[in-house]
Amino acid sequence: MRLTRSLLAILAVCMWISGCGGATWENRVVSGSTGPVWEIRSARSSRAVQSVPQQALTEVDPQARQIRLQEQLLKQAALAGGGDFKDYRVGPEDLLQVGFLDAEKLSSEVRVDGEGRIRLLLVGDVEVSGLTPVEIARKLTRLYREGDYLRNPQIAVAVKEYRHQKVAVTGAVNKPDHYALIGPRTLLEVLGMAGGLSEKAGESVHVIRPRDGASASSAESLEPSASSGTQTVVVDLNRLLLKGATELNVPVRNGDVVFVPFAQTAFVLGAVTKPGGVLLQDNMTVTKAISQTGGLHIVLSSYHATILRVDEDGRRSTLPVDLGRITGGKQEDVALKANDIVYVHESPTRRFLFDIKMFLPGSVGLNPAAL
C-alpha cells in the first residue's frame with residue numbers, strides 16, 4: 001500500500017513538472033494485463049505545435065539528390081554524343097587495319113610504333129603519327145602509285161584499337177578506368193563512359209590537364225595544382241546537371257585526368273534515431289543531416305543541438321543550434337563542414353519520464369508525441 005502511494009506521488013510530481021513546461025496532463029485507470037493500471041496522457045497544448053518541426057526533420061530522402069544527378073548525367077551524356085570521329089589522329093600504340101581492295105595480299109594489321117611509324121610491304125616505314133585515317137589512306141595511295149607498285153591503288157585505313165588518345169577517369173565513379181578518346185568528347189560523355197557517379201560522389205568534378213598555353217573558357221574555374229606543369233578545371237555538378245549550365249560541359253582532351261572527389265563526412269550523435277555519419281552532399285546543413293539519420297528521437301530528444309568543430313589549425317570550437325527556431329523559419333540553417341560532429345541533446349524532462357517508465361514496465365503508458 002505504501003509502495004502504491006509512493007508511486008502515485010512520483011507520478012504526480014512528474015505531471016506537475018511537465019505542466020510547468022506548458023502541457024496539460026490527464027490520468028485515468030485502464031485495464032492492464034495484471035489488472036487496473038494508471039495511464040498518463042497529454043492533452044493538446046502549446047507543445048503540439050512542435051510536431052511540425054519534428055516532421056520536417058524526418059521527411060528528406062537521403063538518396064533523392066544522388067538519383068537526380070545520376071539520371072541527368074546519363075541522359076545528357078547520351079544526348080551529347082555524335083562527335084566527328086573522322087577527326088581522330090593516329091598516334092603510338094594505335095592498331096591500324098590497312099586494306100587493299102585490288103591487292104588483298106597486301107592487306108594487314110599494323111601497330112604504330114613509338115616513333116609514330118608503320119611498316120608495310122614494298123613501301124617500308126611510313127610516318128603516320130598525327131594523321132587521320134583518311135589522310136593515311138591518301139598518303140599510302142600516293143606512295144604505292146609513285147613507286148610503281150600498283151597502277152590504281154584502292155586503299156582503306158581504319159583504327160582497330162585506339163591506344164594513343166586516352167583520358168583517365170577516377171574517383172567516385174562506377175567504373176574508373178582509362179578510356180579512348182575516339183573523336184571529340186565532352187565531360188558528360190566521359191563520365192557516362194565511366195558508368196556515372198557513385199553514391200559517394202561529391203558536388204564537383206576536377207579535370208586535371210597539362211599546361212599547354214590554351215586558355216580555359218570563362219565558365220571554367222581554374223585552381224593551381226601541386227605541379228606547375230598542370231592546371232585543374234573545377235566544375236560544379238549541381239549547376240551542370242540540375243540547373244542546366246551547359247557551358248560547364250567542357251571538352252576533354254587527350255591526357256586529361258577526370259577526377260570526381262568523394263564526398264566528405266560529418267557525424268550526427270545524441271538523441272537521433274540512427275546516429276552515424278552523413279555525406280556532405282547537396283549543401284548539407286544541420287537539419288538535413290539530422291533527417292538523414294532518421295530524425296530526432298521520438299521520445300528523448302530536445303530541440304537543442306551543438307556542433308563540435310575543429311578548424312585547419314586544430315582549434316576546437318562549439319556552436320549552439322536551436323532546431324526549433326531553424327525549422328520555424330526564425331533562424332538560418334547551419335551549413336556543415338568536413339568532420340563536424342552534431343550532438344542533439346536529450347530533454348531532461350523526457351529522460352526523467354522515460355526512466356520512470358523503465359522502472360515500471362507495463363504499468364505506465366506514455367504518449368511519445370505528447371512529450
# chains A, B, ... in the order shown; residues from 1 in each chain; ligands from 1
call {"tool": "residues_around", "arguments": {"residues": "Val342 of chain A", "least_positions_apart": "2", "cutoff": "7 Å", "atoms": "only C-alpha atoms", "output": "PyMOL selection string"}}
result
chain A and resi 267-269+305-308+340+344
call {"tool": "residues_around", "arguments": {"residues": "segment 347-353 of chain A", "least_positions_apart": "2", "cutoff": "6 Å", "atoms": "only C-alpha atoms", "output": "VMD selection string"}}
result
chain A and resid 300 to 302 355 to 356
call {"tool": "write_last_selection", "arguments": {"atoms": "all heavy atoms", "output": "PDB file, in the first residue's frame"}}
result
ATOM      1  N   LEU A 300      13.123  11.010 -26.574  1.00  0.00           N
ATOM      2  CA  LEU A 300      14.102  11.653 -25.706  1.00  0.00           C
ATOM      3  C   LEU A 300      14.624  12.995 -26.191  1.00  0.00           C
ATOM      4  O   LEU A 300      15.204  13.749 -25.402  1.00  0.00           O
ATOM      5  CB  LEU A 300      15.304  10.710 -25.507  1.00  0.00           C
ATOM      6  CG  LEU A 300      14.991   9.357 -24.864  1.00  0.00           C
ATOM      7  CD1 LEU A 300      16.258   8.518 -24.798  1.00  0.00           C
ATOM      8  CD2 LEU A 300      14.408   9.546 -23.485  1.00  0.00           C
ATOM      9  N   SER A 301      14.461  13.335 -27.456  1.00  0.00           N
ATOM     10  CA  SER A 301      15.171  14.494 -27.998  1.00  0.00           C
ATOM     11  C   SER A 301      14.588  15.819 -27.538  1.00  0.00           C
ATOM     12  O   SER A 301      13.397  15.939 -27.226  1.00  0.00           O
ATOM     13  CB  SER A 301      15.140  14.445 -29.528  1.00  0.00           C
ATOM     14  OG  SER A 301      13.828  14.653 -29.995  1.00  0.00           O
ATOM     15  N   SER A 302      15.468  16.805 -27.515  1.00  0.00           N
ATOM     16  CA  SER A 302      15.057  18.192 -27.351  1.00  0.00           C
ATOM     17  C   SER A 302      15.246  18.884 -28.695  1.00  0.00           C
ATOM     18  O   SER A 302      15.563  18.234 -29.692  1.00  0.00           O
ATOM     19  CB  SER A 302      15.917  18.878 -26.284  1.00  0.00           C
ATOM     20  OG  SER A 302      17.247  19.014 -26.762  1.00  0.00           O
ATOM     21  N   ASP A 355      12.827   7.270 -17.806  1.00  0.00           N
ATOM     22  CA  ASP A 355      13.435   6.405 -16.794  1.00  0.00           C
ATOM     23  C   ASP A 355      12.384   5.844 -15.837  1.00  0.00           C
ATOM     24  O   ASP A 355      12.468   4.681 -15.417  1.00  0.00           O
ATOM     25  CB  ASP A 355      14.499   7.181 -16.018  1.00  0.00           C
ATOM     26  CG  ASP A 355      15.722   7.482 -16.868  1.00  0.00           C
ATOM     27  OD1 ASP A 355      15.892   6.816 -17.912  1.00  0.00           O
ATOM     28  OD2 ASP A 355      16.503   8.392 -16.503  1.00  0.00           O
ATOM     29  N   ILE A 356      11.388   6.661 -15.483  1.00  0.00           N
ATOM     30  CA  ILE A 356      10.312   6.171 -14.616  1.00  0.00           C
ATOM     31  C   ILE A 356       9.553   5.047 -15.308  1.00  0.00           C
ATOM     32  O   ILE A 356       9.219   4.021 -14.700  1.00  0.00           O
ATOM     33  CB  ILE A 356       9.361   7.323 -14.246  1.00  0.00           C
ATOM     34  CG1 ILE A 356      10.079   8.297 -13.317  1.00  0.00           C
ATOM     35  CG2 ILE A 356       8.089   6.793 -13.599  1.00  0.00           C
ATOM     36  CD1 ILE A 356       9.255   9.492 -12.947  1.00  0.00           C
TER      37      ILE A 356
END
call {"tool": "select_by_dssp", "arguments": {"residues": "segment 153-286 of chain A", "states": "helix (DSSP H, G or I)", "output": "list in words"}}
result
Leu187, Leu188, Glu189, Val190, Leu191, Gly192, Met193, Leu237, Asn238, Arg239, Leu240, Leu241, Leu242, Thr246, Glu247, Leu248 and Val286 of chain A
call {"tool": "write_last_selection", "arguments": {"atoms": "N, CA and C atoms", "output": "PDB file, in the first residue's frame"}}
result
ATOM      1  N   LEU A 187      32.875  16.465 -71.102  1.00  0.00           N
ATOM      2  CA  LEU A 187      32.945  15.939 -69.739  1.00  0.00           C
ATOM      3  C   LEU A 187      31.807  14.971 -69.454  1.00  0.00           C
ATOM      4  N   LEU A 188      30.578  15.306 -69.857  1.00  0.00           N
ATOM      5  CA  LEU A 188      29.435  14.432 -69.584  1.00  0.00           C
ATOM      6  C   LEU A 188      29.567  13.098 -70.315  1.00  0.00           C
ATOM      7  N   GLU A 189      30.064  13.138 -71.538  1.00  0.00           N
ATOM      8  CA  GLU A 189      30.249  11.886 -72.279  1.00  0.00           C
ATOM      9  C   GLU A 189      31.256  10.984 -71.586  1.00  0.00           C
ATOM     10  N   VAL A 190      32.351  11.558 -71.118  1.00  0.00           N
ATOM     11  CA  VAL A 190      33.386  10.765 -70.453  1.00  0.00           C
ATOM     12  C   VAL A 190      32.867  10.185 -69.142  1.00  0.00           C
ATOM     13  N   LEU A 191      32.118  10.985 -68.366  1.00  0.00           N
ATOM     14  CA  LEU A 191      31.543  10.465 -67.118  1.00  0.00           C
ATOM     15  C   LEU A 191      30.530   9.363 -67.415  1.00  0.00           C
ATOM     16  N   GLY A 192      29.779   9.504 -68.515  1.00  0.00           N
ATOM     17  CA  GLY A 192      28.851   8.439 -68.910  1.00  0.00           C
ATOM     18  C   GLY A 192      29.582   7.165 -69.283  1.00  0.00           C
ATOM     19  N   MET A 193      30.731   7.274 -69.960  1.00  0.00           N
ATOM     20  CA  MET A 193      31.533   6.096 -70.297  1.00  0.00           C
ATOM     21  C   MET A 193      31.990   5.368 -69.040  1.00  0.00           C
ATOM     22  N   LEU A 237      28.894  20.147 -60.231  1.00  0.00           N
ATOM     23  CA  LEU A 237      27.944  19.176 -60.785  1.00  0.00           C
ATOM     24  C   LEU A 237      26.499  19.601 -60.599  1.00  0.00           C
ATOM     25  N   ASN A 238      26.187  20.270 -59.502  1.00  0.00           N
ATOM     26  CA  ASN A 238      24.813  20.723 -59.288  1.00  0.00           C
ATOM     27  C   ASN A 238      24.400  21.725 -60.368  1.00  0.00           C
ATOM     28  N   ARG A 239      25.279  22.660 -60.681  1.00  0.00           N
ATOM     29  CA  ARG A 239      24.965  23.643 -61.719  1.00  0.00           C
ATOM     30  C   ARG A 239      24.874  22.986 -63.082  1.00  0.00           C
ATOM     31  N   LEU A 240      25.778  22.056 -63.358  1.00  0.00           N
ATOM     32  CA  LEU A 240      25.809  21.414 -64.674  1.00  0.00           C
ATOM     33  C   LEU A 240      24.604  20.509 -64.898  1.00  0.00           C
ATOM     34  N   LEU A 241      24.272  19.678 -63.911  1.00  0.00           N
ATOM     35  CA  LEU A 241      23.266  18.637 -64.115  1.00  0.00           C
ATOM     36  C   LEU A 241      21.861  19.048 -63.677  1.00  0.00           C
ATOM     37  N   LEU A 242      21.753  19.843 -62.635  1.00  0.00           N
ATOM     38  CA  LEU A 242      20.431  20.164 -62.100  1.00  0.00           C
ATOM     39  C   LEU A 242      19.948  21.552 -62.495  1.00  0.00           C
ATOM     40  N   THR A 246      24.952  24.442 -69.267  1.00  0.00           N
ATOM     41  CA  THR A 246      25.628  23.624 -70.282  1.00  0.00           C
ATOM     42  C   THR A 246      27.025  24.133 -70.618  1.00  0.00           C
ATOM     43  N   GLU A 247      27.326  25.410 -70.293  1.00  0.00           N
ATOM     44  CA  GLU A 247      28.669  25.911 -70.579  1.00  0.00           C
ATOM     45  C   GLU A 247      29.729  25.214 -69.715  1.00  0.00           C
ATOM     46  N   LEU A 248      29.290  24.524 -68.656  1.00  0.00           N
ATOM     47  CA  LEU A 248      30.225  23.790 -67.796  1.00  0.00           C
ATOM     48  C   LEU A 248      30.565  22.412 -68.363  1.00  0.00           C
ATOM     49  N   VAL A 286      22.573  21.301 -40.877  1.00  0.00           N
ATOM     50  CA  VAL A 286      22.262  20.569 -39.643  1.00  0.00           C
ATOM     51  C   VAL A 286      20.951  19.809 -39.772  1.00  0.00           C
TER      52      VAL A 286
END
call {"tool": "select_by_dssp", "arguments": {"residues": "segment 91-225 of chain A", "states": "strand (DSSP E)", "output": "VMD selection string"}}
result
chain A and resid 95 to 100 108 to 111 117 to 120 124 to 127 155 to 161 166 to 171 177 to 180 185 to 186 204 to 210 221 to 224
call {"tool": "residues_around", "arguments": {"residues": "Tyr162 of chain A", "least_positions_apart": "5", "cutoff": "9 Å", "atoms": "only C-alpha atoms", "output": "list in words"}}
result
Val90, Gly91, Glu93, Asp94, Leu95, Leu96, Ala180, Leu181 and Ile182 of chain A
call {"tool": "write_last_selection", "arguments": {"atoms": "N, CA and C atoms", "output": "PDB file, in the first residue's frame"}}
result
ATOM      1  N   VAL A  90      45.928   9.601 -85.411  1.00  0.00           N
ATOM      2  CA  VAL A  90      46.632   8.385 -85.013  1.00  0.00           C
ATOM      3  C   VAL A  90      47.913   8.739 -84.269  1.00  0.00           C
ATOM      4  N   GLY A  91      48.262   7.867 -83.305  1.00  0.00           N
ATOM      5  CA  GLY A  91      49.495   8.048 -82.559  1.00  0.00           C
ATOM      6  C   GLY A  91      50.091   6.714 -82.153  1.00  0.00           C
ATOM      7  N   GLU A  93      51.082   3.235 -80.552  1.00  0.00           N
ATOM      8  CA  GLU A  93      50.344   2.119 -79.951  1.00  0.00           C
ATOM      9  C   GLU A  93      48.977   1.878 -80.583  1.00  0.00           C
ATOM     10  N   ASP A  94      48.483   2.785 -81.427  1.00  0.00           N
ATOM     11  CA  ASP A  94      47.228   2.510 -82.139  1.00  0.00           C
ATOM     12  C   ASP A  94      47.427   1.330 -83.093  1.00  0.00           C
ATOM     13  N   LEU A  95      46.391   0.517 -83.255  1.00  0.00           N
ATOM     14  CA  LEU A  95      46.429  -0.605 -84.195  1.00  0.00           C
ATOM     15  C   LEU A  95      45.583  -0.251 -85.409  1.00  0.00           C
ATOM     16  N   LEU A  96      46.184  -0.278 -86.600  1.00  0.00           N
ATOM     17  CA  LEU A  96      45.504   0.117 -87.830  1.00  0.00           C
ATOM     18  C   LEU A  96      45.191  -1.112 -88.690  1.00  0.00           C
ATOM     19  N   ALA A 180      39.415   5.473 -74.250  1.00  0.00           N
ATOM     20  CA  ALA A 180      39.906   6.044 -75.504  1.00  0.00           C
ATOM     21  C   ALA A 180      39.050   7.225 -75.925  1.00  0.00           C
ATOM     22  N   LEU A 181      39.707   8.248 -76.424  1.00  0.00           N
ATOM     23  CA  LEU A 181      39.004   9.414 -76.964  1.00  0.00           C
ATOM     24  C   LEU A 181      38.878   9.240 -78.472  1.00  0.00           C
ATOM     25  N   ILE A 182      37.774   8.675 -78.900  1.00  0.00           N
ATOM     26  CA  ILE A 182      37.529   8.441 -80.327  1.00  0.00           C
ATOM     27  C   ILE A 182      36.779   9.643 -80.860  1.00  0.00           C
TER      28      ILE A 182
END
call {"tool": "residues_around", "arguments": {"residues": "Ile118 of chain A", "least_positions_apart": "6", "cutoff": "9 Å", "atoms": "only C-alpha atoms", "output": "list in words"}}
result
Leu96, Val110, Arg111, Val112, Gly124, Asp125, Val126, Glu127 and Val128 of chain A
call {"tool": "closest_residue", "arguments": {"among": "A:Gly244, A:Asn174, A:Lys288, A:Ala158", "to": "Leu197 of chain A", "atoms": "only C-alpha atoms"}}
result
A:Asn174
call {"tool": "closest_residue", "arguments": {"among": "A:Ala137, A:Leu336, A:Val257, A:Ala194", "to": "Gln281 of chain A", "atoms": "only C-alpha atoms"}}
result
A:Leu336
call {"tool": "atom_distance", "arguments": {"atom1": "atom CA of Glu203 of chain A", "atom2": "atom CA of Ala263 of chain A"}}
result
7.3 Å
call {"tool": "atom_distance", "arguments": {"atom1": "atom CA of Glu346 of chain A", "atom2": "atom CA of Gln264 of chain A"}}
result
27.1 Å
call {"tool": "residues_around", "arguments": {"residues": "Ala335 of chain A", "least_positions_apart": "5", "cutoff": "9 Å", "atoms": "only C-alpha atoms", "output": "MDAnalysis selection string"}}
result
chainID A and resid 283:286
call {"tool": "write_last_selection", "arguments": {"atoms": "N, CA and C atoms", "output": "PDB file, in the first residue's frame"}}
result
ATOM      1  N   ASN A 283      24.797  20.672 -50.399  1.00  0.00           N
ATOM      2  CA  ASN A 283      24.852  21.758 -49.414  1.00  0.00           C
ATOM      3  C   ASN A 283      24.321  21.304 -48.053  1.00  0.00           C
ATOM      4  N   MET A 284      24.929  20.291 -47.502  1.00  0.00           N
ATOM      5  CA  MET A 284      24.450  19.664 -46.273  1.00  0.00           C
ATOM      6  C   MET A 284      24.419  20.653 -45.109  1.00  0.00           C
ATOM      7  N   THR A 285      23.268  20.677 -44.405  1.00  0.00           N
ATOM      8  CA  THR A 285      23.085  21.526 -43.232  1.00  0.00           C
ATOM      9  C   THR A 285      22.728  20.660 -42.028  1.00  0.00           C
ATOM     10  N   VAL A 286      22.573  21.301 -40.877  1.00  0.00           N
ATOM     11  CA  VAL A 286      22.262  20.569 -39.643  1.00  0.00           C
ATOM     12  C   VAL A 286      20.951  19.809 -39.772  1.00  0.00           C
TER      13      VAL A 286
END
